[in-house]
Amino acid sequence: MLNCAVIMGRLVADPELRTTTSGISVTSFRVAVDRNFVRQGEERQADFIDVVAWRQTAEFVSRFFRKGSMIAVQGSIQTRNYEDRNGNKRTAVEIVADNVSFCGSKSESGTTGGSTARYDEPARPQSTPAFASGGMGDFSDIQDDDELPF
């Protein structure tokens, strides 16, 4: 059996870190994921998917992500039944996050790096490397008729 979910979208609200009575960190948040298909003349539709993260993943999300941040989540789908305030039986469908990653630009996420980002790390300039702007004329054939050393 396989239960694997991968989504990428934007946080709908700031995640709030909570702690269980046994001291385990947990956060839940909602991700807006755009649908691929858009009918002509209509606005793009989005699905709003609930996600739960535990322990270090929860701490990571609450520290580095804010409302509007682009986020990638990999985990499994879980359902649970509960009773609302009016006594109605409800079912919640959510992704339990195993792995969370940045996927927006550094300026979008407000951080300066990947999953090891720190607030005190200085931002590096985004310059284009010299080799990225060259053409095929920058290369030349190597004329070497010697035997290989192995």
# chains A, B, ... in the order shown; residues from 1 in each chain; ligands from 1
>>> residues_around(residues="A:Phe60", least_positions_apart="2", cutoff="10 Å", atoms="only C-alpha atoms", output="list in words")
Leu17, Thr27, Ala53, Trp54, Arg55, Gln56, Thr57, Ala58, Ser62, Arg63, Phe64, Phe65, Val100, Ser101, Ser115, Thr116 and Ala117 of chain A
>>> select_by_dssp(residues="stretch 35-116 of chain A", states="helix (DSSP H, G or I)", output="list in words")
Arg55, Gln56, Thr57, Ala58, Glu59, Phe60, Val61, Ser62, Arg63, Phe64, Lys106, Ser107, Glu108 and Ser109 of chain A
>>> closest_residue(among="A:Val51, A:Val31, A:Gly75, A:Glu83", to="A:Gly9", atoms="only C-alpha atoms")
A:Val31
>>> closest_residue(among="A:Ala92, A:Met1, A:Met8, A:Met70", to="A:Asp50", atoms="only C-alpha atoms")
A:Ala92
>>> closest_residue(among="A:Asp84, A:Glu16, A:Asp34, A:Glu94", to="A:Asp47", atoms="only C-alpha atoms")
A:Asp34
>>> atom_distance(atom1="atom CA of A:Arg66", atom2="atom CA of A:Asn81")
28.6 Å
